[in-house]
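**Student:** Just so it is clear, I am handing over my_file37.cif, which has mmCIF, C-alpha atoms.
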data_my_file
loop_
_atom_site.group_PDB
_atom_site.id
_atom_site.type_symbol
_atom_site.label_atom_id
_atom_site.label_comp_id
_atom_site.auth_asym_id
_atom_site.auth_seq_id
_atom_site.Cartn_x
_atom_site.Cartn_y
_atom_site.Cartn_z
ATOM 1 C CA MET H 1 -13.918 -0.920 2.588
ATOM 2 C CA LYS H 2 -16.052 2.030 1.455
ATOM 3 C CA ASN H 3 -12.934 3.787 0.189
ATOM 4 C CA SER H 4 -11.862 0.701 -1.747
ATOM 5 C CA ILE H 5 -15.218 0.620 -3.503
ATOM 6 C CA ILE H 6 -15.029 4.319 -4.445
ATOM 7 C CA ILE H 7 -11.499 3.764 -5.755
ATOM 8 C CA ILE H 8 -12.589 0.792 -7.846
ATOM 9 C CA ILE H 9 -15.445 2.903 -9.262
ATOM 10 C CA PHE H 10 -13.053 5.694 -10.314
ATOM 11 C CA PHE H 11 -10.695 3.134 -11.816
ATOM 12 C CA ALA H 12 -13.584 1.570 -13.751
ATOM 13 C CA LEU H 13 -14.744 5.008 -14.963
ATOM 14 C CA GLY H 14 -11.205 5.667 -16.191
ATOM 15 C CA ILE H 15 -11.097 2.354 -18.056
ATOM 16 C CA THR H 16 -14.420 3.154 -19.716
ATOM 17 C CA ALA H 17 -13.267 6.641 -20.649
ATOM 18 C CA GLY H 18 -10.001 5.280 -22.075
ATOM 19 C CA ARG H 19 -11.660 2.387 -23.889
ATOM 20 C CA PHE H 20 -14.108 4.592 -25.754
ATOM 21 C CA SER H 21 -11.713 7.555 -26.179
ATOM 22 C CA LEU H 22 -13.906 9.938 -24.208
ATOM 23 C CA ILE H 23 -10.958 12.051 -23.072
ATOM 24 C CA PRO H 24 -9.796 14.976 -25.246
ATOM 25 C CA GLU H 25 -6.321 14.463 -26.735
ATOM 26 C CA PHE H 26 -4.703 17.532 -25.155
ATOM 27 C CA LEU H 27 -5.349 16.144 -21.664
ATOM 28 C CA LEU H 28 -3.560 12.896 -22.505
ATOM 29 C CA GLU H 29 -0.594 14.588 -24.166
ATOM 30 C CA ASN H 30 0.322 16.531 -21.040
ATOM 31 C CA ASP H 31 1.649 14.194 -18.403
ATOM 32 C CA LEU H 32 -0.981 14.966 -15.804
ATOM 33 C CA SER H 33 -0.360 11.845 -13.768
ATOM 34 C CA SER H 34 3.177 12.918 -12.742
ATOM 35 C CA TYR H 35 1.883 16.160 -11.257
ATOM 36 C CA ALA H 36 -1.005 14.385 -9.580
ATOM 37 C CA LEU H 37 1.496 11.883 -8.137
ATOM 38 C CA TYR H 38 3.676 14.632 -6.657
ATOM 39 C CA LEU H 39 0.607 16.192 -5.083
ATOM 40 C CA LEU H 40 -0.452 12.821 -3.661
ATOM 41 C CA ILE H 41 3.003 12.109 -2.176
ATOM 42 C CA PHE H 42 3.144 15.555 -0.617
ATOM 43 C CA LEU H 43 -0.287 15.046 0.972
ATOM 44 C CA VAL H 44 0.703 11.601 2.278
ATOM 45 C CA GLY H 45 3.694 13.305 3.909
ATOM 46 C CA ILE H 46 1.426 15.861 5.574
ATOM 47 C CA ALA H 47 -0.861 13.108 6.884
ATOM 48 C CA VAL H 48 2.078 11.213 8.403
ATOM 49 C CA GLY H 49 3.939 14.285 9.677
ATOM 50 C CA SER H 50 0.893 15.759 11.401
ATOM 51 C CA ASP H 51 0.088 12.566 13.319
ATOM 52 C CA VAL H 52 2.545 12.931 16.201
ATOM 53 C CA GLN H 53 0.859 10.171 18.182
ATOM 54 C CA SER H 54 2.282 7.422 16.032
ATOM 55 C CA TRP H 55 5.797 8.850 16.341
ATOM 56 C CA LYS H 56 5.634 8.862 20.148
ATOM 57 C CA ILE H 57 5.052 5.104 20.369
ATOM 58 C CA LEU H 58 8.490 4.553 18.887
ATOM 59 C CA LYS H 59 10.119 5.812 22.094
ATOM 60 C CA GLN H 60 8.026 3.640 24.410
ATOM 61 C CA GLU H 61 8.307 0.203 22.841
ATOM 62 C CA LYS H 62 11.701 0.794 21.251
ATOM 63 C CA PHE H 63 13.177 -2.229 19.481
ATOM 64 C CA LEU H 64 10.351 -4.741 19.744
ATOM 65 C CA ILE H 65 7.930 -2.590 17.777
ATOM 66 C CA LEU H 66 10.473 -2.145 14.985
ATOM 67 C CA LEU H 67 10.439 -5.895 14.453
ATOM 68 C CA VAL H 68 6.873 -5.746 13.146
ATOM 69 C CA PRO H 69 7.397 -3.716 9.935
ATOM 70 C CA LEU H 70 10.628 -5.673 9.369
ATOM 71 C CA THR H 71 8.610 -8.901 9.602
ATOM 72 C CA THR H 72 6.170 -7.648 6.985
ATOM 73 C CA ILE H 73 8.906 -6.499 4.632
ATOM 74 C CA ALA H 74 10.932 -9.723 4.932
ATOM 75 C CA GLY H 75 7.886 -12.007 4.797
ATOM 76 C CA THR H 76 6.225 -10.299 1.840
ATOM 77 C CA LEU H 77 9.385 -10.076 -0.259
ATOM 78 C CA LEU H 78 10.226 -13.697 0.546
ATOM 79 C CA GLY H 79 6.710 -14.833 -0.421
ATOM 80 C CA VAL H 80 6.445 -12.925 -3.708
ATOM 81 C CA GLY H 81 10.091 -13.717 -4.481
ATOM 82 C CA ILE H 82 9.480 -17.471 -4.253
ATOM 83 C CA VAL H 83 6.227 -17.344 -6.205
ATOM 84 C CA SER H 84 7.793 -15.293 -9.020
ATOM 85 C CA PHE H 85 9.604 -18.440 -10.179
ATOM 86 C CA PHE H 86 6.213 -19.992 -10.891
ATOM 87 C CA LEU H 87 4.904 -16.976 -12.816
ATOM 88 C CA PRO H 88 6.673 -17.125 -16.199
ATOM 89 C CA GLU H 89 5.571 -13.655 -17.290
ATOM 90 C CA ILE H 90 6.789 -11.762 -14.237
ATOM 91 C CA ASP H 91 10.469 -11.597 -13.339
ATOM 92 C CA LEU H 92 11.848 -11.441 -9.799
ATOM 93 C CA ARG H 93 12.353 -7.677 -9.775
ATOM 94 C CA GLU H 94 8.807 -6.956 -11.004
ATOM 95 C CA SER H 95 7.374 -9.409 -8.512
ATOM 96 C CA LEU H 96 9.273 -7.804 -5.612
ATOM 97 C CA ALA H 97 8.113 -4.337 -6.726
ATOM 98 C CA VAL H 98 4.460 -5.434 -6.750
ATOM 99 C CA GLY H 99 4.884 -7.038 -3.306
ATOM 100 C CA ALA H 100 6.587 -3.907 -1.970
ATOM 101 C CA GLY H 101 3.280 -2.076 -2.389
ATOM 102 C CA PHE H 102 2.382 -3.738 0.976
ATOM 103 C CA GLY H 103 -1.300 -3.080 0.310
ATOM 104 C CA TYR H 104 -0.778 0.579 -0.561
ATOM 105 C CA TYR H 105 -2.358 0.109 -3.971
ATOM 106 C CA SER H 106 -2.855 3.690 -5.093
ATOM 107 C CA LEU H 107 0.723 4.827 -4.616
ATOM 108 C CA SER H 108 2.522 1.616 -5.611
ATOM 109 C CA SER H 109 0.507 1.113 -8.805
ATOM 110 C CA ILE H 110 1.140 4.681 -9.890
ATOM 111 C CA ILE H 111 4.906 4.514 -9.292
ATOM 112 C CA ILE H 112 5.139 1.123 -11.035
ATOM 113 C CA THR H 113 3.101 2.414 -13.991
ATOM 114 C CA GLN H 114 5.533 5.309 -14.351
ATOM 115 C CA ILE H 115 8.758 3.324 -14.035
ATOM 116 C CA VAL H 116 7.823 -0.007 -15.675
ATOM 117 C CA SER H 117 4.522 -0.229 -17.582
ATOM 118 C CA PRO H 118 0.771 0.267 -17.193
ATOM 119 C CA ALA H 119 0.360 -3.535 -17.363
ATOM 120 C CA LEU H 120 2.506 -4.116 -14.263
ATOM 121 C CA GLY H 121 0.836 -1.087 -12.662
ATOM 122 C CA VAL H 122 -2.526 -2.824 -13.000
ATOM 123 C CA ILE H 123 -1.114 -6.028 -11.493
ATOM 124 C CA ALA H 124 0.178 -3.946 -8.568
ATOM 125 C CA LEU H 125 -3.208 -2.280 -8.164
ATOM 126 C CA LEU H 126 -5.230 -5.507 -8.185
ATOM 127 C CA SER H 127 -2.695 -7.403 -6.094
ATOM 128 C CA ASN H 128 -2.535 -4.773 -3.367
ATOM 129 C CA ILE H 129 -6.320 -4.288 -3.278
ATOM 130 C CA THR H 130 -6.601 -8.064 -2.865
ATOM 131 C CA ARG H 131 -4.165 -7.880 0.048
ATOM 132 C CA GLU H 132 -6.474 -5.449 1.833
ATOM 133 C CA ILE H 133 -9.522 -7.593 1.106
ATOM 134 C CA ILE H 134 -7.767 -10.775 2.330
ATOM 135 C CA THR H 135 -6.866 -8.982 5.575
ATOM 136 C CA LEU H 136 -10.415 -7.716 6.105
ATOM 137 C CA LEU H 137 -11.833 -11.185 5.522
ATOM 138 C CA PHE H 138 -9.314 -13.343 7.406
ATOM 139 C CA THR H 139 -8.230 -11.218 10.388
ATOM 140 C CA PRO H 140 -10.460 -13.157 12.838
ATOM 141 C CA ILE H 141 -8.971 -16.510 11.732
ATOM 142 C CA MET H 142 -5.378 -15.229 11.625
ATOM 143 C CA ALA H 143 -5.634 -13.685 15.096
ATOM 144 C CA LYS H 144 -6.958 -16.943 16.511
ATOM 145 C CA TYR H 145 -4.512 -19.425 14.975
ATOM 146 C CA LEU H 146 -1.370 -17.452 14.107
ATOM 147 C CA GLY H 147 -1.192 -14.864 16.845
ATOM 148 C CA LYS H 148 -2.004 -11.200 17.059
ATOM 149 C CA LEU H 149 0.783 -9.952 14.837
ATOM 150 C CA ALA H 150 -0.399 -11.908 11.807
ATOM 151 C CA PRO H 151 -3.349 -9.598 10.911
ATOM 152 C CA VAL H 152 -1.123 -6.528 11.362
ATOM 153 C CA THR H 153 1.545 -7.813 8.988
ATOM 154 C CA SER H 154 -1.088 -9.071 6.561
ATOM 155 C CA GLY H 155 -2.632 -5.605 6.421
ATOM 156 C CA GLY H 156 0.707 -4.042 5.466
ATOM 157 C CA ALA H 157 0.491 -0.286 4.988
ATOM 158 C CA THR H 158 -3.303 -0.440 5.412
ATOM 159 C CA SER H 159 -2.879 -1.454 9.079
ATOM 160 C CA MET H 160 -2.910 2.269 9.935
ATOM 161 C CA ASP H 161 -6.277 3.029 8.312
ATOM 162 C CA THR H 162 -8.633 0.691 6.457
ATOM 163 C CA THR H 163 -7.786 -2.533 8.277
ATOM 164 C CA LEU H 164 -7.149 -0.851 11.651
ATOM 165 C CA PRO H 165 -10.742 -1.183 12.949
ATOM 166 C CA ILE H 166 -10.898 -4.944 12.387
ATOM 167 C CA ILE H 167 -7.363 -5.443 13.768
ATOM 168 C CA THR H 168 -8.291 -3.481 16.893
ATOM 169 C CA ARG H 169 -11.457 -5.552 17.253
ATOM 170 C CA TYR H 170 -9.740 -8.958 17.063
ATOM 171 C CA CYS H 171 -6.242 -8.252 18.450
ATOM 172 C CA GLY H 172 -6.983 -5.688 21.162
ATOM 173 C CA LYS H 173 -6.074 -2.073 21.837
ATOM 174 C CA GLN H 174 -2.362 -2.559 22.504
ATOM 175 C CA TYR H 175 -2.075 -4.044 19.019
ATOM 176 C CA ALA H 176 -3.928 -1.046 17.590
ATOM 177 C CA ILE H 177 -0.948 1.108 18.558
ATOM 178 C CA ILE H 178 1.484 -1.366 17.034
ATOM 179 C CA SER H 179 -0.757 -1.541 13.980
ATOM 180 C CA VAL H 180 -0.730 2.238 13.462
ATOM 181 C CA PHE H 181 3.031 2.424 13.900
ATOM 182 C CA HIS H 182 3.548 -0.487 11.505
ATOM 183 C CA GLY H 183 1.244 1.049 8.877
ATOM 184 C CA THR H 184 2.929 4.434 9.181
ATOM 185 C CA ILE H 185 6.425 3.017 8.681
ATOM 186 C CA LEU H 186 5.315 0.975 5.682
ATOM 187 C CA THR H 187 3.428 3.927 4.173
ATOM 188 C CA ILE H 188 6.626 5.963 4.294
ATOM 189 C CA LEU H 189 8.714 3.083 2.969
ATOM 190 C CA VAL H 190 6.464 2.015 0.057
ATOM 191 C CA PRO H 191 7.651 4.729 -2.383
ATOM 192 C CA VAL H 192 11.239 4.274 -1.171
ATOM 193 C CA ILE H 193 11.372 0.465 -1.471
ATOM 194 C CA VAL H 194 9.390 0.214 -4.726
ATOM 195 C CA THR H 195 11.637 2.806 -6.376
ATOM 196 C CA PHE H 196 14.755 1.171 -4.936
ATOM 197 C CA ILE H 197 13.803 -2.291 -6.251
ATOM 198 C CA LEU H 198 13.075 -0.970 -9.737
ATOM 199 C CA LYS H 199 16.011 1.401 -10.090
ATOM 200 C CA VAL H 200 18.908 -0.445 -8.478
ATOM 201 C CA MET O 1 12.111 9.344 -8.638
ATOM 202 C CA ILE O 2 14.258 11.365 -6.217
ATOM 203 C CA VAL O 3 11.575 14.004 -6.780
ATOM 204 C CA VAL O 4 9.078 11.652 -5.101
ATOM 205 C CA LEU O 5 11.230 11.425 -1.966
ATOM 206 C CA LEU O 6 11.691 15.191 -1.922
ATOM 207 C CA PHE O 7 7.922 15.728 -2.046
ATOM 208 C CA LEU O 8 7.432 13.104 0.685
ATOM 209 C CA THR O 9 10.009 14.745 2.966
ATOM 210 C CA ALA O 10 8.589 18.202 2.289
ATOM 211 C CA GLY O 11 5.130 16.863 3.145
ATOM 212 C CA ILE O 12 6.260 15.281 6.429
ATOM 213 C CA ILE O 13 8.023 18.481 7.506
ATOM 214 C CA SER O 14 5.024 20.655 6.572
ATOM 215 C CA GLY O 15 2.676 18.202 8.283
ATOM 216 C CA TYR O 16 4.741 18.370 11.448
ATOM 217 C CA PHE O 17 4.579 22.171 11.586
ATOM 218 C CA LEU O 18 0.912 22.305 10.535
ATOM 219 C CA LYS O 19 -0.253 19.637 13.000
ATOM 220 C CA ASP O 20 -2.060 22.141 15.263
ATOM 221 C CA HIS O 21 -3.989 23.721 12.377
ATOM 222 C CA THR O 22 -6.687 21.046 12.338
ATOM 223 C CA ASN O 23 -8.679 22.716 9.566
ATOM 224 C CA ILE O 24 -5.700 22.671 7.195
ATOM 225 C CA ILE O 25 -5.018 19.004 8.050
ATOM 226 C CA LYS O 26 -8.690 18.189 7.407
ATOM 227 C CA ILE O 27 -8.589 19.897 4.006
ATOM 228 C CA SER O 28 -5.393 18.085 3.083
ATOM 229 C CA ASP O 29 -6.972 14.749 4.082
ATOM 230 C CA LYS O 30 -9.915 15.509 1.774
ATOM 231 C CA LEU O 31 -7.507 16.529 -0.989
ATOM 232 C CA LEU O 32 -5.591 13.297 -0.407
ATOM 233 C CA SER O 33 -8.705 11.209 -1.075
ATOM 234 C CA TRP O 34 -9.545 13.195 -4.189
ATOM 235 C CA SER O 35 -6.035 13.047 -5.591
ATOM 236 C CA ILE O 36 -6.097 9.253 -5.133
ATOM 237 C CA TYR O 37 -9.400 9.114 -7.044
ATOM 238 C CA LEU O 38 -7.949 11.353 -9.775
ATOM 239 C CA LEU O 39 -4.849 9.183 -10.113
ATOM 240 C CA LEU O 40 -6.817 5.964 -10.245
ATOM 241 C CA PHE O 41 -9.071 7.546 -12.877
ATOM 242 C CA LEU O 42 -5.974 8.483 -14.907
ATOM 243 C CA LEU O 43 -4.553 4.977 -14.436
ATOM 244 C CA GLY O 44 -7.914 3.634 -15.650
ATOM 245 C CA ILE O 45 -7.640 5.772 -18.780
ATOM 246 C CA SER O 46 -4.172 4.463 -19.612
ATOM 247 C CA VAL O 47 -5.388 0.906 -19.002
ATOM 248 C CA GLY O 48 -8.596 1.339 -21.012
ATOM 249 C CA SER O 49 -6.776 2.770 -24.007
ATOM 250 C CA ASN O 50 -4.124 0.009 -23.894
ATOM 251 C CA GLN O 51 -5.290 -2.863 -26.095
ATOM 252 C CA GLU O 52 -2.660 -5.283 -24.756
ATOM 253 C CA ILE O 53 -3.888 -5.009 -21.162
ATOM 254 C CA ILE O 54 -7.583 -5.190 -22.050
ATOM 255 C CA SER O 55 -7.183 -8.429 -24.004
ATOM 256 C CA ASN O 56 -5.078 -10.065 -21.211
ATOM 257 C CA PHE O 57 -7.115 -8.935 -18.222
ATOM 258 C CA ASP O 58 -7.943 -12.436 -16.970
ATOM 259 C CA LYS O 59 -4.262 -13.432 -16.967
ATOM 260 C CA ILE O 60 -3.248 -10.194 -15.215
ATOM 261 C CA GLY O 61 -5.906 -10.695 -12.534
ATOM 262 C CA PHE O 62 -4.684 -14.234 -11.860
ATOM 263 C CA GLN O 63 -1.054 -13.117 -11.438
ATOM 264 C CA ALA O 64 -2.169 -10.300 -9.147
ATOM 265 C CA ILE O 65 -4.073 -12.640 -6.832
ATOM 266 C CA ILE O 66 -1.219 -15.183 -6.695
ATOM 267 C CA LEU O 67 1.209 -12.393 -5.749
ATOM 268 C CA SER O 68 -1.029 -11.036 -2.993
ATOM 269 C CA ILE O 69 -1.621 -14.487 -1.483
ATOM 270 C CA ALA O 70 2.141 -15.188 -1.568
ATOM 271 C CA GLY O 71 2.903 -11.857 0.118
ATOM 272 C CA VAL O 72 0.337 -12.415 2.861
ATOM 273 C CA ILE O 73 1.448 -16.014 3.544
ATOM 274 C CA GLY O 74 5.115 -14.966 3.744
ATOM 275 C CA SER O 75 4.209 -12.194 6.199
ATOM 276 C CA ILE O 76 1.984 -14.209 8.497
ATOM 277 C CA VAL O 77 4.372 -17.166 8.692
ATOM 278 C CA ILE O 78 7.213 -14.944 9.927
ATOM 279 C CA ALA O 79 4.732 -12.997 12.096
ATOM 280 C CA PHE O 80 3.699 -16.272 13.761
ATOM 281 C CA PHE O 81 7.278 -16.929 14.909
ATOM 282 C CA VAL O 82 8.027 -13.319 15.866
ATOM 283 C CA TYR O 83 4.842 -13.290 17.946
ATOM 284 C CA LYS O 84 5.623 -16.615 19.582
ATOM 285 C CA PHE O 85 9.240 -15.811 20.497
ATOM 286 C CA PHE O 86 9.205 -12.066 21.184
ATOM 287 C CA PHE O 87 5.681 -10.889 22.002
ATOM 288 C CA LEU O 88 4.070 -13.759 23.909
ATOM 289 C CA PRO O 89 6.799 -14.186 26.602
ATOM 290 C CA LYS O 90 6.675 -10.463 27.334
ATOM 291 C CA ASN O 91 2.900 -10.390 27.740
ATOM 292 C CA GLU O 92 2.856 -13.446 29.994
ATOM 293 C CA LYS O 93 5.060 -11.831 32.642
#
Turn the structure described in the file into structure tokens.
**Tutor:**
Amino acid sequence: MKNSIIIIIFFALGITAGRFSLIPEFLLENDLSSYALYLLIFLVGIAVGSDVQSWKILKQEKFLILLVPLTTIAGTLLGVGIVSFFLPEIDLRESLAVGAGFGYYSLSSIIITQIVSPALGVIALLSNITREIITLLFTPIMAKYLGKLAPVTSGGATSMDTTLPIITRYCGKQYAIISVFHGTILTILVPVIVTFILKV
Amino acid sequence: MIVVLLFLTAGIISGYFLKDHTNIIKISDKLLSWSIYLLLFLLGISVGSNQEIISNFDKIGFQAIILSIAGVIGSIVIAFFVYKFFFLPKNEK
């Protein structure tokens, strides 16, 4: 939650700077955000690659554990796909791309901004931040009435970091391992699926 | 966007070989946070200087929330059945 607040502050500072033209022109002319994105992706790779623990679980639980990220992917895309027909200004492809952020707001919003538009990038940012907030707020209720996988899938990619503590608290330790694995797989897949949806 | 996947793969491979150098991993975690802040700041700039977004912010916020609720509901509904049919029987044994 603390990280989300810091991120929102930086985003707000950026809006203010852009609104009142506080940034020198030469910085805007060079496409800084592409380079920053490549750096970010590389660092995400290092974080995932260096955490061997989450790779080991794959061998132990085998097929059952693979069902969890598949559930999240299928459920999310189904949900946003259906609702896109009720949002006249967003088409199916854009809606699926926003959903495919799976809560990973920083990365998905940046990729969507680059490929589609800053407007859809902002929708992706807000939508995926909301997903994290919903998970933090409703994990106790979900775990009680819908079973212990519900909070994990609701958390999406954040189930490996920001929503992990609350998931562990309400679903138990064995689901913490599933949660980390699930978040790791989705974190890797977010750039792949978002790009795939928008480019194919 | 193939470049993105190349950087991701390169990162995973480097991370795997650097996993025992905890100080390097710590620095890269710090860098990760800061590069996220930098990117969100840059995204903020492009939003703030875009008149179209600023004047439609309420509409954009509404669409964003609808999409996140739809994504969560879709996920937890399927998760409910997957849990019931695959995870519960196994734990009861």
**Student:** Tell me which protein, DNA and RNA residues are within 10 Å of Leu77 (chain H), counting all atoms listed in the file, leaving out same-chain ones fewer than 6 positions away, and put them as JSON, numbers by chain.
**Tutor:** {"H": [71, 83, 92, 95, 96, 97, 98, 99, 100, 102], "O": [70, 71, 72, 74, 75]}
**Student:** Measuring atom to atom with all atoms listed in the file, identify which of H:Ile65, H:Ile46, H:Leu37, H:Ile23 is nearest to chain O.
**Tutor:** H:Ile46
**Student:** For chain O, which of H:Gly155, H:Pro165, H:Gly101, H:Gly18 is the closest residue, counting all atoms listed in the file?
**Tutor:**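 Looking at the shortest contact to chain O, the residue is H:Gly18.
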**Student:** Figure out the distance between CA of Tyr105 (chain H) and CA of Met142 (chain H), please, to one decimal in Å.
**Tutor:**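 We find that CA of Met142 (chain H) and CA of Tyr105 (chain H) lie 22.1 Å from each other.
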**Student:** Report the closest atom pair, with its distance in Å rounded to one decimal, for each residue of chain O that has an atom no farther than 7 Å from chain H; count all atoms listed in the file, sort by chain and then rising residue number, and write it as JSON lines.
**Tutor:**
{"residue": "O:Met1", "atom": "CA", "partner": "H:Thr195", "partner_atom": "CA", "distance": 6.9}
{"residue": "O:Val4", "atom": "CA", "partner": "H:Tyr38", "partner_atom": "CA", "distance": 6.4}
{"residue": "O:Phe7", "atom": "CA", "partner": "H:Phe42", "partner_atom": "CA", "distance": 5.0}
{"residue": "O:Leu8", "atom": "CA", "partner": "H:Gly45", "partner_atom": "CA", "distance": 4.9}
{"residue": "O:Thr9", "atom": "CA", "partner": "H:Gly45", "partner_atom": "CA", "distance": 6.5}
{"residue": "O:Ala10", "atom": "CA", "partner": "H:Phe42", "partner_atom": "CA", "distance": 6.7}
{"residue": "O:Gly11", "atom": "CA", "partner": "H:Gly45", "partner_atom": "CA", "distance": 3.9}
{"residue": "O:Ile12", "atom": "CA", "partner": "H:Gly45", "partner_atom": "CA", "distance": 4.1}
{"residue": "O:Ile13", "atom": "CA", "partner": "H:Gly49", "partner_atom": "CA", "distance": 6.2}
{"residue": "O:Ser14", "atom": "CA", "partner": "H:Ile46", "partner_atom": "CA", "distance": 6.1}
{"residue": "O:Gly15", "atom": "CA", "partner": "H:Ile46", "partner_atom": "CA", "distance": 3.8}
{"residue": "O:Tyr16", "atom": "CA", "partner": "H:Gly49", "partner_atom": "CA", "distance": 4.5}
{"residue": "O:Leu18", "atom": "CA", "partner": "H:Ser50", "partner_atom": "CA", "distance": 6.6}
{"residue": "O:Lys19", "atom": "CA", "partner": "H:Ser50", "partner_atom": "CA", "distance": 4.3}
{"residue": "O:Ser28", "atom": "CA", "partner": "H:Leu43", "partner_atom": "CA", "distance": 6.3}
{"residue": "O:Asp29", "atom": "CA", "partner": "H:Ala47", "partner_atom": "CA", "distance": 6.9}
{"residue": "O:Leu32", "atom": "CA", "partner": "H:Leu43", "partner_atom": "CA", "distance": 5.8}
{"residue": "O:Ser35", "atom": "CA", "partner": "H:Leu40", "partner_atom": "CA", "distance": 5.9}
{"residue": "O:Ile36", "atom": "CA", "partner": "H:Ser106", "partner_atom": "CA", "distance": 6.4}
{"residue": "O:Tyr37", "atom": "CA", "partner": "H:Ile7", "partner_atom": "CA", "distance": 5.9}
{"residue": "O:Leu39", "atom": "CA", "partner": "H:Ser33", "partner_atom": "CA", "distance": 6.4}
{"residue": "O:Leu40", "atom": "CA", "partner": "H:Phe11", "partner_atom": "CA", "distance": 5.1}
{"residue": "O:Phe41", "atom": "CA", "partner": "H:Gly14", "partner_atom": "CA", "distance": 4.4}
{"residue": "O:Leu42", "atom": "CA", "partner": "H:Gly14", "partner_atom": "CA", "distance": 6.1}
{"residue": "O:Leu43", "atom": "CA", "partner": "H:Gly14", "partner_atom": "CA", "distance": 6.9}
{"residue": "O:Gly44", "atom": "CA", "partner": "H:Gly14", "partner_atom": "CA", "distance": 3.9}
{"residue": "O:Ile45", "atom": "CA", "partner": "H:Gly18", "partner_atom": "CA", "distance": 4.1}
{"residue": "O:Ser46", "atom": "CA", "partner": "H:Gly18", "partner_atom": "CA", "distance": 6.4}
{"residue": "O:Val47", "atom": "CA", "partner": "H:Ile15", "partner_atom": "CA", "distance": 6.0}
{"residue": "O:Gly48", "atom": "CA", "partner": "H:Ile15", "partner_atom": "CA", "distance": 4.0}
{"residue": "O:Ser49", "atom": "CA", "partner": "H:Gly18", "partner_atom": "CA", "distance": 4.5}
{"residue": "O:Ile53", "atom": "CA", "partner": "H:Ala119", "partner_atom": "CA", "distance": 5.9}
{"residue": "O:Ile60", "atom": "CA", "partner": "H:Ile123", "partner_atom": "CA", "distance": 6.0}
{"residue": "O:Gly61", "atom": "CA", "partner": "H:Ile123", "partner_atom": "CA", "distance": 6.8}
{"residue": "O:Ala64", "atom": "CA", "partner": "H:Ser127", "partner_atom": "CA", "distance": 4.2}
{"residue": "O:Ile65", "atom": "CA", "partner": "H:Ser127", "partner_atom": "CA", "distance": 5.5}
{"residue": "O:Leu67", "atom": "CA", "partner": "H:Val80", "partner_atom": "CA", "distance": 5.6}
{"residue": "O:Ser68", "atom": "CA", "partner": "H:Ser127", "partner_atom": "CA", "distance": 5.1}
{"residue": "O:Ala70", "atom": "CA", "partner": "H:Gly79", "partner_atom": "CA", "distance": 4.7}
{"residue": "O:Gly71", "atom": "CA", "partner": "H:Thr76", "partner_atom": "CA", "distance": 4.1}
{"residue": "O:Val72", "atom": "CA", "partner": "H:Ser154", "partner_atom": "CA", "distance": 5.2}
{"residue": "O:Ile73", "atom": "CA", "partner": "H:Gly79", "partner_atom": "CA", "distance": 6.7}
{"residue": "O:Gly74", "atom": "CA", "partner": "H:Gly75", "partner_atom": "CA", "distance": 4.2}
{"residue": "O:Ser75", "atom": "CA", "partner": "H:Gly75", "partner_atom": "CA", "distance": 3.9}
{"residue": "O:Ile76", "atom": "CA", "partner": "H:Ala150", "partner_atom": "CA", "distance": 4.7}
{"residue": "O:Ile78", "atom": "CA", "partner": "H:Gly75", "partner_atom": "CA", "distance": 5.9}
{"residue": "O:Ala79", "atom": "CA", "partner": "H:Ala150", "partner_atom": "CA", "distance": 5.3}
{"residue": "O:Phe80", "atom": "CA", "partner": "H:Leu146", "partner_atom": "CA", "distance": 5.2}
{"residue": "O:Tyr83", "atom": "CA", "partner": "H:Leu149", "partner_atom": "CA", "distance": 6.1}
**Student:** Find the distance between CA of Lys144 (chain H) and CA of Phe81 (chain O) and write it in Å to one decimal.
**Tutor:**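 For CA of Lys144 (chain H) relative to CA of Phe81 (chain O), the distance reads 14.3 Å.
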**Student:** Can you work out which one of H:Ile197, H:Ile5, H:Ile167, H:Ile178 has the shortest atom-to-atom distance to Lys62 (chain H), counting only C-alpha atoms?
**Tutor:**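 Using only C-alpha atoms, the shortest distance to Lys62 (chain H) belongs to H:Ile178.
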**Student:** Take CA of Gln53 (chain H) and CA of Phe181 (chain H) and report the distance between them in Å, one decimal.
**Tutor:**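 Between CA of Gln53 (chain H) and CA of Phe181 (chain H) the gap is 9.1 Å.
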**Student:** Build an axis-aligned box that encloses every atom of region 132-135 of chain H listed in the file, pad it by 5 Å on each side, and report its centre and edge lengths in Å to one decimal, as AutoDock Vina command-line options.
**Tutor:**
--center_x -8.0 --center_y -8.1 --center_z 3.3 --size_x 13.0 --size_y 15.3 --size_z 14.5
